$ cat final_0.tsv   # TSV, C-alpha atoms
chain	number	residue	atom	x	y	z
A	25	MET	CA	22.73	1.85	-68.87
A	26	LEU	CA	23.68	5.19	-67.43
A	27	ALA	CA	22.91	8.31	-69.35
A	28	ARG	CA	25.79	10.06	-71.06
A	29	GLY	CA	25.92	13.80	-71.34
A	30	ALA	CA	27.66	16.11	-73.74
A	31	VAL	CA	31.09	15.46	-72.23
A	32	ALA	CA	33.56	13.51	-74.36
A	33	ARG	CA	32.95	9.79	-74.50
A	34	PRO	CA	35.02	7.83	-72.00
A	35	TRP	CA	37.83	5.61	-73.19
A	36	TRP	CA	35.85	2.57	-72.18
A	37	ASP	CA	33.10	3.31	-74.68
A	38	SER	CA	34.57	0.70	-76.99
A	39	ALA	CA	33.60	-2.70	-78.36
A	40	GLU	CA	36.41	-4.42	-76.47
A	41	VAL	CA	35.10	-3.16	-73.14
A	42	ALA	CA	32.61	-5.72	-72.01
A	43	ASN	CA	30.64	-3.45	-69.71
A	44	ALA	CA	31.13	-0.08	-71.39
A	45	GLY	CA	27.86	1.41	-70.17
A	46	ASP	CA	28.28	0.65	-66.49
A	47	PHE	CA	30.22	3.72	-65.36
A	48	LEU	CA	30.38	7.44	-65.94
A	49	PRO	CA	33.53	9.38	-66.83
A	50	ALA	CA	34.96	11.15	-63.79
A	51	ASP	CA	33.82	14.59	-64.89
A	52	GLN	CA	30.26	13.39	-65.22
A	53	ALA	CA	30.32	11.45	-61.96
A	54	PHE	CA	31.65	14.50	-60.07
A	55	ARG	CA	30.71	17.88	-61.52
A	56	VAL	CA	32.60	20.66	-59.80
A	57	SER	CA	32.02	24.43	-59.94
A	58	ALA	CA	32.94	27.47	-57.88
A	59	ASP	CA	31.43	30.87	-57.19
A	60	LEU	CA	32.40	34.03	-55.41
A	61	ALA	CA	29.68	36.02	-53.67
A	62	GLY	CA	31.27	39.10	-52.17
A	63	ARG	CA	34.17	37.57	-50.32
A	64	ARG	CA	32.49	34.21	-49.90
A	65	LEU	CA	34.13	31.48	-51.98
A	66	THR	CA	32.19	28.29	-52.51
A	67	VAL	CA	33.24	25.13	-54.31
A	68	HIS	CA	30.32	22.91	-55.18
A	69	TRP	CA	30.26	19.28	-56.24
A	70	ASP	CA	27.26	17.60	-57.84
A	71	ILE	CA	27.74	13.89	-57.34
A	72	ALA	CA	25.91	11.48	-59.62
A	73	SER	CA	23.63	8.89	-58.08
A	74	GLY	CA	25.63	5.81	-57.08
A	75	TYR	CA	28.90	7.71	-56.68
A	76	TYR	CA	30.63	9.22	-53.66
A	77	LEU	CA	33.53	11.51	-52.76
A	78	TYR	CA	35.95	10.97	-49.89
A	79	ARG	CA	35.96	13.90	-47.46
A	80	SER	CA	39.63	13.36	-46.64
A	81	ARG	CA	40.65	13.60	-50.30
A	82	ILE	CA	39.28	17.08	-50.93
A	83	HIS	CA	42.00	19.72	-51.18
A	84	ILE	CA	41.72	23.31	-52.36
A	85	ARG	CA	44.51	25.69	-53.29
A	86	VAL	CA	43.82	29.37	-53.92
A	87	GLN	CA	45.90	30.88	-56.68
A	88	GLY	CA	46.26	34.50	-57.67
A	89	ALA	CA	48.58	37.30	-56.65
A	90	GLY	CA	47.93	38.34	-53.10
A	91	ARG	CA	44.98	36.08	-52.56
A	92	LEU	CA	44.32	34.04	-49.45
A	93	ALA	CA	41.32	32.16	-48.24
A	94	SER	CA	40.95	31.01	-44.72
A	95	GLY	CA	38.65	28.85	-42.67
A	96	TRP	CA	37.56	26.38	-45.31
A	97	ARG	CA	34.58	24.47	-44.07
A	98	LEU	CA	33.20	21.14	-45.18
A	99	PRO	CA	30.11	19.61	-43.64
A	100	PRO	CA	30.45	16.28	-41.87
A	101	GLY	CA	30.23	13.39	-44.30
A	102	ILE	CA	28.33	10.16	-44.05
A	103	ALA	CA	30.13	7.41	-42.16
A	104	HIS	CA	31.28	4.77	-44.60
A	105	THR	CA	33.09	1.75	-43.26
A	106	ASP	CA	35.32	-0.05	-45.67
A	107	ARG	CA	36.46	-3.55	-44.84
A	108	TYR	CA	40.06	-2.63	-45.58
A	109	PHE	CA	40.32	1.10	-44.97
A	110	GLY	CA	38.14	1.30	-41.87
A	111	PRO	CA	35.81	4.21	-41.18
A	112	ARG	CA	35.75	7.04	-43.71
A	113	GLN	CA	33.51	10.02	-44.25
A	114	VAL	CA	32.04	10.32	-47.71
A	115	TYR	CA	29.59	12.55	-49.56
A	116	PHE	CA	26.73	11.46	-51.74
A	117	HIS	CA	24.63	13.67	-54.07
A	118	ALA	CA	26.28	17.06	-53.37
A	119	VAL	CA	28.66	18.92	-51.12
A	120	ASP	CA	29.88	22.52	-50.71
A	121	ALA	CA	33.19	23.75	-49.33
A	122	SER	CA	33.25	27.42	-48.43
A	123	ALA	CA	35.67	30.02	-47.13
A	124	GLU	CA	36.20	33.75	-46.82
A	125	LEU	CA	38.50	35.28	-49.41
A	126	ALA	CA	40.96	37.88	-48.13
A	127	ARG	CA	42.46	40.53	-50.37
A	128	THR	CA	46.02	40.81	-49.10
A	129	SER	CA	47.20	43.47	-51.51
A	130	ALA	CA	45.62	46.25	-53.50
A	131	GLN	CA	46.75	44.60	-56.75
A	132	ALA	CA	45.26	41.23	-55.91
A	133	ALA	CA	44.40	39.29	-59.04
A	134	ALA	CA	41.17	37.47	-59.62
A	135	PRO	CA	41.31	34.20	-57.70
A	136	ARG	CA	41.73	30.81	-59.28
A	137	LEU	CA	41.23	27.61	-57.40
A	138	GLN	CA	43.10	24.38	-57.84
A	139	VAL	CA	40.80	21.71	-56.51
A	140	SER	CA	41.63	18.05	-56.07
A	141	TYR	CA	39.27	15.30	-55.02
A	142	GLN	CA	38.85	11.58	-55.26
A	143	GLY	CA	35.84	9.32	-55.31
A	144	CYS	CA	34.37	6.02	-56.36
A	145	ALA	CA	31.28	4.35	-57.74
A	146	GLN	CA	29.34	2.17	-55.35
A	147	ALA	CA	29.26	-0.47	-58.08
A	148	GLY	CA	33.01	-0.96	-57.66
A	149	LEU	CA	35.19	1.53	-59.50
A	150	CYS	CA	37.53	4.17	-58.08
A	151	TYR	CA	38.85	7.19	-59.94
A	152	PRO	CA	42.37	8.47	-59.29
A	153	ARG	CA	42.79	11.92	-57.82
A	154	ILE	CA	41.09	14.47	-60.03
A	155	VAL	CA	42.71	17.92	-60.21
A	156	ARG	CA	40.86	20.84	-61.77
A	157	THR	CA	41.55	24.56	-61.95
A	158	LEU	CA	38.47	26.72	-61.51
A	159	VAL	CA	37.79	30.41	-61.95
A	160	PRO	CA	34.96	31.20	-59.55
A	161	GLU	CA	31.90	32.74	-61.12
A	162	ARG	CA	31.07	36.06	-59.48
A	163	VAL	CA	27.53	36.08	-58.14
A	164	ALA	CA	25.60	38.60	-56.10
A	165	PRO	CA	25.85	38.05	-52.37
A	166	SER	CA	22.67	36.53	-51.05
A	167	SER	CA	20.37	39.02	-49.40
A	168	PRO	CA	19.60	38.61	-45.74
A	169	VAL	CA	16.33	36.81	-45.15
A	170	PRO	CA	13.69	39.34	-44.07
A	171	VAL	CA	12.41	38.78	-40.59
A	172	ARG	CA	8.67	38.15	-40.48
A	173	ARG	CA	6.84	39.86	-37.70
B	3	MET	CA	52.14	-22.53	-83.47
B	4	SER	CA	54.80	-19.92	-82.89
B	5	ARG	CA	54.27	-18.15	-79.62
B	6	ALA	CA	56.72	-15.36	-80.33
B	7	THR	CA	55.10	-13.90	-83.45
B	8	PRO	CA	52.06	-12.24	-81.85
B	9	TRP	CA	54.22	-10.63	-79.21
B	10	LEU	CA	56.63	-9.29	-81.78
B	11	ALA	CA	53.73	-7.97	-83.79
B	12	ALA	CA	52.56	-6.07	-80.75
B	13	THR	CA	55.70	-3.97	-80.41
B	14	ALA	CA	54.45	-1.47	-82.99
B	15	ALA	CA	51.37	-0.91	-80.88
B	16	LEU	CA	53.55	-0.44	-77.81
B	17	ALA	CA	55.74	2.09	-79.60
B	18	ALA	CA	52.67	4.08	-80.61
B	19	ALA	CA	51.38	3.83	-77.08
B	20	TRP	CA	54.67	5.07	-75.68
B	21	VAL	CA	54.13	8.30	-77.54
B	22	GLY	CA	50.61	8.46	-76.19
B	23	GLY	CA	51.86	7.71	-72.69
B	24	ARG	CA	54.29	10.62	-72.78
B	25	ALA	CA	51.51	12.90	-73.91
B	26	TYR	CA	49.30	11.61	-71.10
B	27	LEU	CA	51.97	12.26	-68.51
B	28	ALA	CA	52.48	15.75	-69.88
B	29	HIS	CA	48.87	16.42	-68.91
B	30	GLU	CA	49.77	15.49	-65.37
B	31	ALA	CA	52.14	18.38	-64.85
B	32	PRO	CA	50.86	20.45	-61.95
B	33	VAL	CA	49.72	23.97	-62.64
B	34	HIS	CA	52.28	26.53	-61.49
B	35	LEU	CA	51.34	30.17	-61.46
B	36	ALA	CA	53.70	33.04	-60.80
B	37	ASN	CA	52.15	33.67	-57.43
B	38	THR	CA	50.62	30.79	-55.63
B	39	GLY	CA	48.47	31.02	-52.57
B	40	ILE	CA	48.48	28.57	-49.77
B	41	ALA	CA	47.33	25.02	-50.23
B	42	VAL	CA	44.43	24.22	-48.00
B	43	PRO	CA	43.81	20.59	-47.20
B	44	VAL	CA	40.14	20.85	-46.54
B	45	GLY	CA	39.37	17.35	-45.45
B	46	GLU	CA	41.11	15.14	-42.94
B	47	ALA	CA	44.73	14.14	-43.26
B	48	SER	CA	45.08	11.67	-46.09
B	49	PRO	CA	47.84	9.52	-47.51
B	50	PRO	CA	49.61	10.92	-50.54
B	51	SER	CA	47.74	10.39	-53.76
B	52	PRO	CA	49.26	8.30	-56.50
B	53	ALA	CA	51.25	9.92	-59.24
B	54	ASP	CA	48.51	9.23	-61.71
B	55	ARG	CA	45.53	11.45	-61.90
B	56	ILE	CA	42.75	12.15	-64.31
B	57	PRO	CA	43.74	14.68	-66.96
B	58	ASP	CA	41.49	17.64	-67.49
B	59	PRO	CA	39.60	17.17	-70.78
B	60	ARG	CA	39.41	20.95	-71.12
B	61	VAL	CA	43.19	21.13	-71.45
B	62	GLY	CA	42.97	19.52	-74.85
B	63	PRO	CA	42.16	16.27	-76.54
B	64	LEU	CA	44.06	13.21	-75.48
B	65	PRO	CA	45.90	11.20	-78.10
B	66	GLY	CA	43.63	8.92	-80.00
B	67	VAL	CA	44.93	5.64	-78.67
B	68	ARG	CA	42.63	2.72	-79.31
B	69	ILE	CA	42.46	-0.57	-77.50
B	70	PRO	CA	44.88	-2.77	-79.45
B	71	ARG	CA	43.91	-6.13	-80.89
B	72	ARG	CA	46.83	-7.82	-79.19
B	73	LEU	CA	48.36	-7.29	-75.80
B	74	PRO	CA	51.42	-5.04	-76.17
B	75	ALA	CA	54.69	-6.62	-75.07
B	76	PHE	CA	55.66	-4.61	-72.00
B	77	ARG	CA	58.10	-4.90	-69.14
B	78	LEU	CA	57.52	-3.90	-65.55
B	79	ASN	CA	59.35	-4.65	-62.32
B	80	ASP	CA	58.41	-7.48	-60.04
B	81	LEU	CA	58.19	-6.84	-56.32
B	82	ALA	CA	61.93	-7.39	-55.94
B	83	GLY	CA	62.57	-4.62	-58.45
B	84	ARG	CA	63.66	-6.98	-61.23
B	85	PRO	CA	62.39	-6.23	-64.74
B	86	GLU	CA	59.91	-8.81	-65.91
B	87	SER	CA	58.44	-9.14	-69.38
B	88	ILE	CA	54.82	-10.03	-69.87
B	89	THR	CA	56.03	-12.35	-72.65
B	90	ARG	CA	57.06	-14.70	-69.84
B	91	PHE	CA	53.41	-15.78	-69.83
B	92	ALA	CA	53.15	-16.28	-73.60
B	93	GLY	CA	51.04	-19.28	-74.51
B	94	ARG	CA	48.70	-18.84	-71.56
B	95	SER	CA	45.37	-17.04	-71.40
B	96	LEU	CA	45.87	-14.03	-69.16
B	97	ILE	CA	43.72	-12.24	-66.65
B	98	LEU	CA	45.58	-8.95	-66.28
B	99	ASN	CA	44.16	-7.15	-63.29
B	100	PHE	CA	45.11	-3.46	-63.00
B	101	TRP	CA	44.79	-2.20	-59.45
B	102	ALA	CA	46.13	0.14	-56.79
B	103	THR	CA	46.41	-0.15	-53.03
B	104	TRP	CA	44.28	2.97	-52.42
B	105	CYS	CA	41.35	1.50	-54.37
B	106	ALA	CA	38.78	-0.24	-52.17
B	107	PRO	CA	37.04	-2.31	-54.89
B	108	CYS	CA	40.47	-3.44	-56.11
B	109	ARG	CA	41.13	-4.84	-52.66
B	110	ARG	CA	37.72	-6.46	-52.48
B	111	GLU	CA	38.14	-8.45	-55.68
B	112	ILE	CA	41.61	-9.84	-54.92
B	113	PRO	CA	40.38	-12.85	-52.89
B	114	LEU	CA	38.20	-13.83	-55.87
B	115	LEU	CA	41.17	-13.50	-58.22
B	116	GLN	CA	43.21	-15.73	-55.91
B	117	ARG	CA	40.58	-18.44	-56.15
B	118	ILE	CA	40.16	-18.02	-59.90
B	119	ASP	CA	43.92	-18.32	-60.40
B	120	ARG	CA	43.94	-21.66	-58.59
B	121	GLU	CA	40.79	-22.98	-60.25
B	122	TRP	CA	41.75	-22.05	-63.82
B	123	GLN	CA	45.43	-23.02	-63.82
B	124	ALA	CA	44.51	-26.39	-65.30
B	125	HIS	CA	42.96	-24.60	-68.28
B	126	ARG	CA	46.20	-22.62	-68.83
B	127	PHE	CA	44.83	-19.38	-67.43
B	128	THR	CA	46.99	-17.15	-65.23
B	129	VAL	CA	46.12	-14.11	-63.20
B	130	VAL	CA	48.76	-11.35	-63.31
B	131	GLY	CA	48.26	-8.34	-61.07
B	132	ILE	CA	49.51	-5.02	-62.45
B	133	ALA	CA	49.79	-2.57	-59.56
B	134	VAL	CA	49.77	1.04	-60.74
B	135	ASP	CA	51.25	2.18	-57.50
B	136	ARG	CA	54.47	2.58	-55.54
B	137	ARG	CA	56.49	-0.52	-54.75
B	138	PRO	CA	56.62	-0.27	-50.93
B	139	ALA	CA	52.85	0.03	-50.69
B	140	VAL	CA	52.32	-2.82	-53.13
B	141	ALA	CA	54.87	-5.09	-51.44
B	142	ALA	CA	53.33	-4.52	-48.02
B	143	PHE	CA	49.87	-5.21	-49.38
B	144	VAL	CA	50.91	-8.39	-51.17
B	145	ARG	CA	52.57	-9.70	-48.00
B	146	ARG	CA	49.56	-8.84	-45.87
B	147	PHE	CA	47.08	-10.53	-48.17
B	148	LYS	CA	49.38	-13.38	-49.19
B	149	ILE	CA	48.73	-12.89	-52.89
B	150	ALA	CA	50.10	-15.94	-54.65
B	151	TYR	CA	49.71	-14.94	-58.30
B	152	PRO	CA	52.43	-12.87	-60.03
B	153	ILE	CA	52.41	-9.14	-59.37
B	154	LEU	CA	54.11	-6.60	-61.61
B	155	GLN	CA	54.39	-3.06	-60.39
B	156	GLY	CA	55.14	0.42	-61.62
B	157	ASP	CA	54.11	3.97	-61.05
B	158	ARG	CA	54.66	5.95	-64.25
B	159	GLN	CA	55.88	2.85	-66.08
B	160	ALA	CA	52.63	1.06	-65.34
B	161	LEU	CA	50.73	4.14	-66.49
B	162	GLY	CA	52.55	3.75	-69.80
B	163	VAL	CA	51.21	0.20	-70.03
B	164	VAL	CA	47.73	1.44	-69.18
B	165	THR	CA	47.98	3.99	-71.97
B	166	SER	CA	49.27	1.37	-74.39
B	167	LEU	CA	45.98	-0.42	-73.86
B	168	GLY	CA	44.06	2.62	-75.06
B	169	VAL	CA	43.08	3.65	-71.57
B	170	ALA	CA	43.22	7.43	-71.70
B	171	SER	CA	42.02	8.17	-68.21
B	172	PRO	CA	42.38	5.21	-65.89
B	173	ALA	CA	39.92	4.18	-63.25
B	174	PHE	CA	40.46	1.09	-61.15
B	175	PRO	CA	40.16	-1.80	-61.08
B	176	PHE	CA	40.05	-2.91	-64.67
B	177	THR	CA	40.91	-6.30	-66.05
B	178	VAL	CA	42.12	-7.36	-69.47
B	179	PHE	CA	41.41	-10.88	-70.67
B	180	THR	CA	43.55	-12.36	-73.42
B	181	ASP	CA	43.47	-15.67	-75.20
B	182	ARG	CA	46.53	-17.93	-75.49
B	183	ARG	CA	47.71	-16.07	-78.58
B	184	GLY	CA	47.76	-12.75	-76.75
B	185	GLU	CA	44.64	-11.37	-78.42
B	186	ILE	CA	42.57	-9.09	-76.22
B	187	VAL	CA	39.17	-10.69	-75.89
B	188	ALA	CA	37.67	-8.43	-73.24
B	189	LEU	CA	38.37	-5.52	-70.97
B	190	TYR	CA	36.19	-5.37	-67.89
B	191	LEU	CA	35.86	-2.13	-65.99
B	192	GLY	CA	35.26	-2.19	-62.24
B	193	GLU	CA	35.05	-4.84	-59.58
B	194	LEU	CA	34.62	-8.38	-60.84
B	195	HIS	CA	32.27	-10.88	-59.28
B	196	ARG	CA	32.23	-14.61	-59.85
B	197	PRO	CA	29.34	-14.81	-62.37
B	198	GLN	CA	30.93	-12.13	-64.54
B	199	ILE	CA	34.45	-13.51	-64.49
B	200	GLU	CA	33.29	-17.07	-65.11
B	201	LEU	CA	31.21	-15.93	-68.07
B	202	ILE	CA	34.24	-14.18	-69.54
B	203	LEU	CA	36.64	-17.06	-68.85
B	204	ASP	CA	34.27	-19.64	-70.32
B	205	THR	CA	34.09	-17.52	-73.47
B	206	VAL	CA	37.86	-17.02	-73.67
B	207	ARG	CA	38.19	-20.77	-73.39
B	208	GLU	CA	35.95	-21.15	-76.41
B	209	VAL	CA	38.29	-18.82	-78.29
B	210	ASP	CA	41.28	-20.88	-77.15
B	211	ASP	CA	39.54	-24.02	-78.42
B	212	HIS	CA	38.83	-22.34	-81.81
B	213	ARG	CA	35.09	-22.72	-81.30
B	214	ILE	CA	34.44	-18.98	-81.55
B	215	THR	CA	36.19	-15.92	-82.99
B	216	VAL	CA	37.31	-12.98	-80.88
B	217	PRO	CA	34.63	-10.59	-82.25
B	218	ALA	CA	31.98	-13.24	-81.66
B	219	ALA	CA	33.35	-13.76	-78.16
B	220	GLN	CA	33.13	-10.03	-77.49
B	221	ARG	CA	29.51	-9.99	-78.56
B	222	ALA	CA	28.74	-13.07	-76.48
B	223	ILE	CA	30.38	-11.58	-73.40
B	224	ALA	CA	28.54	-8.27	-73.77
B	225	ALA	CA	25.24	-10.11	-74.16
B	226	GLY	CA	25.99	-12.41	-71.23
B	227	LEU	CA	26.90	-9.51	-68.97
B	228	ASP	CA	23.74	-7.77	-69.98
B	229	ARG	CA	21.73	-10.84	-68.99
B	230	LEU	CA	23.51	-10.94	-65.64
B	231	ARG	CA	22.80	-7.25	-65.14
B	232	ARG	CA	19.12	-7.90	-65.78
B	233	GLY	CA	19.16	-10.90	-63.47
B	234	THR	CA	18.26	-13.45	-66.12
B	235	THR	CA	20.17	-16.59	-67.01
B	236	THR	CA	18.55	-17.67	-70.26
B	237	THR	CA	20.87	-18.08	-73.19
$ encode --input "final_0.tsv" --output "structure tokens"
Amino acid sequence: MLARGAVARPWWDSAEVANAGDFLPADQAFRVSADLAGRRLTVHWDIASGYYLYRSRIHIRVQGAGRLASGWRLPPGIAHTDRYFGPRQVYFHAVDASAELARTSAQAAAPRLQVSYQGCAQAGLCYPRIVRTLVPERVAPSSPVPVRR
Amino acid sequence: MSRATPWLAATAALAAAWVGGRAYLAHEAPVHLANTGIAVPVGEASPPSPADRIPDPRVGPLPGVRIPRRLPAFRLNDLAGRPESITRFAGRSLILNFWATWCAPCRREIPLLQRIDREWQAHRFTVVGIAVDRRPAVAAFVRRFKIAYPILQGDRQALGVVTSLGVASPAFPFTVFTDRRGEIVALYLGELHRPQIELILDTVREVDDHRITVPAAQRAIAAGLDRLRRGTTTT
């Protein structure tokens, strides 16, 4: 049985559900967070073991007055061939999407991100599109790595 | 035995679920802020997502809908767009398979369901597919894969049915097994395989033959699935 965290119990945690312990709720299978380091925006997904996210189903919308982000980058995924859907790129374990945040006006509000994504369990369960609104946590920009001589 | 009574008794559950369904759909409303930035599709081009999506638990608690004892009496459209009541199948044990065309494991299990439907007809079992999806996509899929068992379809309407079953945040596929009286014996989450479905159907048959009660059947199914998970076959 898979471990359950502090998140609310899933609807299937019920006597009528024959295999209640087989799957995680979506928010435990795919934990999403965001941070802002200087102007660098990063959305991070922690993906539980046995679960995967579709690269093509990740969408990010920046919200906030006068805020734009450009050049979102996702790393290449792992090739996953489905008998019916053909080749797809998916992510296991973790993935980051990152972009540069532009302040387009002096009164620009703090950014909020609307993030949508979709994934499945390898054991045979797919979650509908998940949409979450995130307020990036401000973190210190990473220092340049000192060059060793 | 009257076949109509259990279905009539289920209407109260459906009415309660309708309220829950409306609340669920309210959670779906997209977030609109006064000033919205540009949407950035980060990944590759993808087909539009279904109307349903997982509500954010941080928005607030979902209504406390529980899995009902009996299958609610609902109506959905068939693939020709005609309303069809699930009561049409009253008196048969049902295998209600909830699926969507975008769901890979849903697609994988359909050939098995086709075979099960043929093999178990003689025992008065029927597979009914409930596609929580748009009709054109479902119709094209059913034609392509020559699905012979009945398919009912709906987008938001089917979500209402899902909610009426106590399913607050759907994931697919899931399958509801009822006995001939319309009592819900089991709900199985995820892709079915032959050992699992045969275990459940054998147990439902025992309920139909009055050899076991529904709670006892639920315990037997859970124990049997656990044995299958562990790779043992002892009883």
$ interface_residues --input "final_0.tsv" --of "chain A" --to "chain B" --cutoff "7 Å" --atoms "only C-alpha atoms" --output "PDB file with C-alpha atoms, keeping the file's coordinate frame"
ATOM      1  CA  TRP A  35      37.830   5.610 -73.190  1.00  0.00           C
ATOM      2  CA  GLU A  40      36.410  -4.420 -76.470  1.00  0.00           C
ATOM      3  CA  VAL A  41      35.100  -3.160 -73.140  1.00  0.00           C
ATOM      4  CA  ALA A  42      32.610  -5.720 -72.010  1.00  0.00           C
ATOM      5  CA  ASN A  43      30.640  -3.450 -69.710  1.00  0.00           C
ATOM      6  CA  ARG A  79      35.960  13.900 -47.460  1.00  0.00           C
ATOM      7  CA  SER A  80      39.630  13.360 -46.640  1.00  0.00           C
ATOM      8  CA  ARG A  81      40.650  13.600 -50.300  1.00  0.00           C
ATOM      9  CA  ILE A  82      39.280  17.080 -50.930  1.00  0.00           C
ATOM     10  CA  HIS A  83      42.000  19.720 -51.180  1.00  0.00           C
ATOM     11  CA  ILE A  84      41.720  23.310 -52.360  1.00  0.00           C
ATOM     12  CA  ARG A  85      44.510  25.690 -53.290  1.00  0.00           C
ATOM     13  CA  VAL A  86      43.820  29.370 -53.920  1.00  0.00           C
ATOM     14  CA  GLN A  87      45.900  30.880 -56.680  1.00  0.00           C
ATOM     15  CA  GLY A  88      46.260  34.500 -57.670  1.00  0.00           C
ATOM     16  CA  ALA A  89      48.580  37.300 -56.650  1.00  0.00           C
ATOM     17  CA  ARG A  91      44.980  36.080 -52.560  1.00  0.00           C
ATOM     18  CA  LEU A  92      44.320  34.040 -49.450  1.00  0.00           C
ATOM     19  CA  TRP A  96      37.560  26.380 -45.310  1.00  0.00           C
ATOM     20  CA  GLY A 148      33.010  -0.960 -57.660  1.00  0.00           C
ATOM     21  CA  LEU A 149      35.190   1.530 -59.500  1.00  0.00           C
ATOM     22  CA  CYS A 150      37.530   4.170 -58.080  1.00  0.00           C
ATOM     23  CA  TYR A 151      38.850   7.190 -59.940  1.00  0.00           C
ATOM     24  CA  PRO A 152      42.370   8.470 -59.290  1.00  0.00           C
ATOM     25  CA  ARG A 153      42.790  11.920 -57.820  1.00  0.00           C
ATOM     26  CA  ILE A 154      41.090  14.470 -60.030  1.00  0.00           C
ATOM     27  CA  ARG A 156      40.860  20.840 -61.770  1.00  0.00           C
TER      28      ARG A 156
END
$ residues_near_point --input "final_0.tsv" --point "(33.7, 7.6, -54.1)" --cutoff "7 Å" --atoms "only C-alpha atoms" --output "ChimeraX atom specification"
/A:75-78,142-145,150
$ atom_distance --input "final_0.tsv" --atom1 "atom CA of Phe109 of chain A" --atom2 "atom CA of Arg55 of chain A"
25.5 Å
$ atom_distance --input "final_0.tsv" --atom1 "atom CA of His195 of chain B" --atom2 "atom CA of Gly131 of chain B"
16.3 Å
$ atom_distance --input "final_0.tsv" --atom1 "atom CA of Trp122 of chain B" --atom2 "atom CA of Tyr108 of chain A"
26.7 Å
$ closest_residue --input "final_0.tsv" --among "A:Arg112, A:Phe54, A:Thr66, A:Ser73" --to "Val163 of chain A" --atoms "only C-alpha atoms"
A:Thr66
$ residues_around --input "final_0.tsv" --residues "Pro100 of chain A" --least-positions-apart "5" --cutoff "9 Å" --atoms "only C-alpha atoms" --output "list of chain:residue names"
A:Arg79, A:Gln113, A:Val114, A:Tyr115
$ closest_residue --input "final_0.tsv" --among "A:Ser94, A:Gln146, A:Ser140, A:Thr105" --to "Arg63 of chain A" --atoms "only C-alpha atoms"
A:Ser94
